[in-house]
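S.K.: The structure follows.
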Amino acid sequence: MSVTKAVIPAAGLGTRFLPATKATPKEMLPVVDKPSIQYVVEEAVGAGLDDILVITGRSKRPLEDHFDRNVELEAALEAKGDHARLELVAASNDLASIHYVRQGNPLGLGHAVLTAEPHVGREPFAVLLGDDLIDPRDPVLARMIAVREQYGGSVLCLMEVPRDQISLYGCAAAQTTDHADVVLVTDLVEKPDSADAPSTLAVIGRYVLDPAVFGVLARTQPGRGGEIQLTDALRELARMPASEGGGVRGVLFTGRRYDTGDRLSYLKANILLALERDDLGPDLRAWLPTVLDPEGS
Ligand code: UTP
């Protein structure tokens with residue numbers, strides 16, 4: 001069965017970005033000039049997934065409004081003849097068929113994914129987190145879907161990180177396979193101490209999951225931080241036989257990825273992406289040395 005649905009969890013409390021996230025989902029924070037969730041929706045659509053379920057929390061209005069028409073704004077831009085901005089505003093209106101479901105209580109990423117079960121049903125599906133932006137020039141989701149179609153089971157996106165950073169991620173123990181970019185995941189640990197980490201392979205926020213994950217999540221107890229962890233369910237899936245929807249593989253990602261999950265990496269991502277833009281890059285590039293070394297410039 002092919003993958004057609006994407007799930008985007010956006011119900012977390014976003015505590016690392018308070019007070020910005022007091023009344024706005026973290027996924028609505030702009031990266032340069034576009035909410036991070038729009039990058040993620042565009043990525044899903046680019047991989048052929050046109051049925052998108054957003055898991056929302058308390059403040060779902062801004063998310064729904066962003067992917068809907070804003071007739072008043074469109075009319076004002078039209079009247080001004082500002083067609084360039086009109087195009088930007090309209091770009092998010094009809095990206096995909098977007099559905100919303102409320103998580104109710106933010107009990108963790110695993111719990112958020114479980115909320116998707118009635119919509120997803122018994123099909124394999126993708127999960128994309130707005131905390132990780134994957135450069136559209138280095139698409140990985142289509143490869144992950146192809147690996148799922150070849151082997152069944154679930155597929156993670158794995159990236160080598162320096163050992164002193166592995167404690168920020170889920171970490172995978174893995175064996176090589178016949179494909180240089182695919183590994184068989186044998187174990188997973190959420191945010192291990194760097195000394196105990198079984199590898200330096202970090203789990204990035206893209207998943208293609210077998211629907212068997214729902215049964216596992218339903219019996220997964222709260223783990224690290226008192227939250228129902230997706231990593232704990234994936235560890236169990238890695239140990240389950242293929243006949244029960246088990247088996248976890250990882251696609252090794254070596255492309256460009258921008259972390260927007262905490263304030264410092266979010267600022268870095270904004271600068272990196274703005275530097276690449278034709279409209280902002282040249283001026284920003286010229287300005288940065290003047291703040292970094294006012295004497296030298
Ligand atoms: P994070 O742990 O990074 O998000 O979850 P958070 O809890 O919002 O952030 P902090 O740590 O308090 O700053 C990863 C993803 O899972 C979603 C988040 O919205 C984010 O996209 N999530 C997390 C949920 O949808 N529900 C939850 O209960 C927890």
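Chain labels run A, B, ... following the order of the structure tokens; each chain numbers its residues from 1, and ligands are numbered from 1 in the order shown.
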Name the residues in contact with Ile166 in chain A at a cut-off of 12 Å, using only C-alpha atoms, excluding same-chain residues fewer than 4 positions from it; report them as a ChimeraX atom specification.
M.R.: /A:158-162,170-172,189-204
S.K.: What are the nearest atom pairs, with distances in Å to one decimal, for all residues of chain A that come at most 8 Å from ligand 1, using only C-alpha atoms and all ligand atoms, set out by chain and rising residue number as a tab-separated table?
M.R.:
residue	atom	partner	partner_atom_place_in_ligand_line	distance
A:Ile8	CA	ligand 1	21 (O)	7.2
A:Pro9	CA	ligand 1	25 (O)	3.9
A:Ala10	CA	ligand 1	19 (O)	3.5
A:Ala11	CA	ligand 1	25 (O)	3.5
A:Gly12	CA	ligand 1	8 (O)	3.1
A:Leu13	CA	ligand 1	8 (O)	4.1
A:Gly14	CA	ligand 1	8 (O)	3.4
A:Thr15	CA	ligand 1	12 (O)	3.6
A:Arg16	CA	ligand 1	13 (O)	3.6
A:Phe17	CA	ligand 1	13 (O)	6.0
A:Pro25	CA	ligand 1	19 (O)	7.5
A:Lys26	CA	ligand 1	8 (O)	6.5
A:Glu27	CA	ligand 1	21 (O)	6.8
A:Ile55	CA	ligand 1	25 (O)	5.9
A:Thr56	CA	ligand 1	25 (O)	6.7
A:Gly57	CA	ligand 1	25 (O)	7.3
A:Gln103	CA	ligand 1	26 (N)	6.9
A:Asn105	CA	ligand 1	28 (O)	6.7
A:Pro106	CA	ligand 1	28 (O)	3.2
A:Leu107	CA	ligand 1	28 (O)	4.2
A:Gly108	CA	ligand 1	28 (O)	3.3
A:Leu109	CA	ligand 1	29 (C)	4.2
A:Gly110	CA	ligand 1	27 (C)	7.5
A:His111	CA	ligand 1	28 (O)	6.3
A:Ala112	CA	ligand 1	26 (N)	4.8
A:Val113	CA	ligand 1	25 (O)	7.6
A:Leu129	CA	ligand 1	21 (O)	4.8
A:Gly130	CA	ligand 1	21 (O)	5.3
A:Asp131	CA	ligand 1	21 (O)	6.0
A:Glu227	CA	ligand 1	28 (O)	7.3
A:Ile228	CA	ligand 1	28 (O)	8.0
A:Gly261	CA	ligand 1	3 (O)	5.9
A:Asp262	CA	ligand 1	13 (O)	6.8
S.K.: Quick one: of A:Gly205, A:Gly152, A:Gly48, A:Pro30, who's nearest to Asp132 in chain A, counting only C-alpha atoms?
M.R.: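 Closest to Asp132 in chain A of all the choices is A:Gly205.
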S.K.: I'd like the neighbourhood of Thr24 in chain A as a ChimeraX atom specification, where a residue qualifies if any of its atoms comes within 10 Å (using only C-alpha atoms), though same-chain residues fewer than 3 positions away should be ignored.
M.R.: /A:13-14,18-21,27-29,57-63
S.K.: For each of A:Val185, A:Val3, A:Val54, A:Leu237, take the minimum atom-to-atom distance to Glu149 in chain A, counting only C-alpha atoms, then give the residue where this is smallest.
M.R.: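 Among the listed residues, the smallest separation from Glu149 in chain A belongs to A:Val3.
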S.K.: For each of A:Asp68, A:Asp135, A:Glu295, A:Glu78, take the minimum atom-to-atom distance to Leu273 in chain A, counting only C-alpha atoms, then give the residue where this is smallest.
M.R.: A:Asp135
S.K.: Choose the residue, out of A:Leu284, A:Val40, A:Leu128, A:Met1, that has the smallest atom-to-atom separation from Val208 in chain A; count only C-alpha atoms.
M.R.: A:Leu128
S.K.: Report the residues of range 72-238 of chain A whose backbone DSSP state falls under strand (DSSP E), written as a VMD selection string.
M.R.: chain A and resid 97 to 102 125 to 128 132 to 134 154 to 160 170 to 176 182 to 190 201 to 209
S.K.: Between A:Leu252, A:Leu86, A:Cys157, A:Leu267, which has the minimum distance to Leu141 in chain A (counting only C-alpha atoms)?
M.R.: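 Of A:Leu252, A:Leu86, A:Cys157, A:Leu267, the one nearest Leu141 in chain A, counting only C-alpha atoms, is A:Cys157.
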S.K.: Using only C-alpha atoms, which residues sit within 8 Å of range 74-76 of chain A once same-chain residues fewer than 2 positions away are excluded, as a PyMOL selection string?
M.R.: chain A and resi 70-72+78-80+86+89-90
S.K.: Take the residues just selected and output them with C-alpha atoms as an mmCIF file, in the first residue's frame.
M.R.:
data_model
loop_
_atom_site.group_PDB
_atom_site.id
_atom_site.type_symbol
_atom_site.label_atom_id
_atom_site.label_comp_id
_atom_site.auth_asym_id
_atom_site.auth_seq_id
_atom_site.Cartn_x
_atom_site.Cartn_y
_atom_site.Cartn_z
ATOM 1 C CA ASN A 70 -7.789 35.673 3.576
ATOM 2 C CA VAL A 71 -10.291 37.368 1.283
ATOM 3 C CA GLU A 72 -9.906 40.824 2.841
ATOM 4 C CA GLU A 78 -5.378 43.329 -5.521
ATOM 5 C CA ALA A 79 -6.646 46.919 -5.195
ATOM 6 C CA LYS A 80 -3.064 48.123 -4.708
ATOM 7 C CA LEU A 86 -0.843 38.581 -3.489
ATOM 8 C CA VAL A 89 -0.506 35.248 0.407
ATOM 9 C CA ALA A 90 -2.381 32.887 -1.909
#
S.K.: Measuring between only C-alpha atoms, which one of A:Pro139, A:Pro118, A:Gly215, A:Gly46 shows the shortest distance to Gly245 in chain A?
M.R.: A:Gly215
S.K.: Tell me, in Å to one decimal, how far CA of Leu217 in chain A is from CA of Gln229 in chain A.
M.R.: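 Value for the CA of Leu217 in chain A-CA of Gln229 in chain A distance: 8.5 Å.
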S.K.: So what do you get for CA of Asp33 in chain A versus CA of Gly281 in chain A, distance-wise?
M.R.: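 Between CA of Asp33 in chain A and CA of Gly281 in chain A the gap is 13.4 Å.
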S.K.: As an exercise, work out the distance from CA of Asp181 in chain A to CA of Ala269 in chain A in Å and give it to one decimal place.
M.R.: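 Result for CA of Asp181 in chain A versus CA of Ala269 in chain A: 25.5 Å, one decimal.
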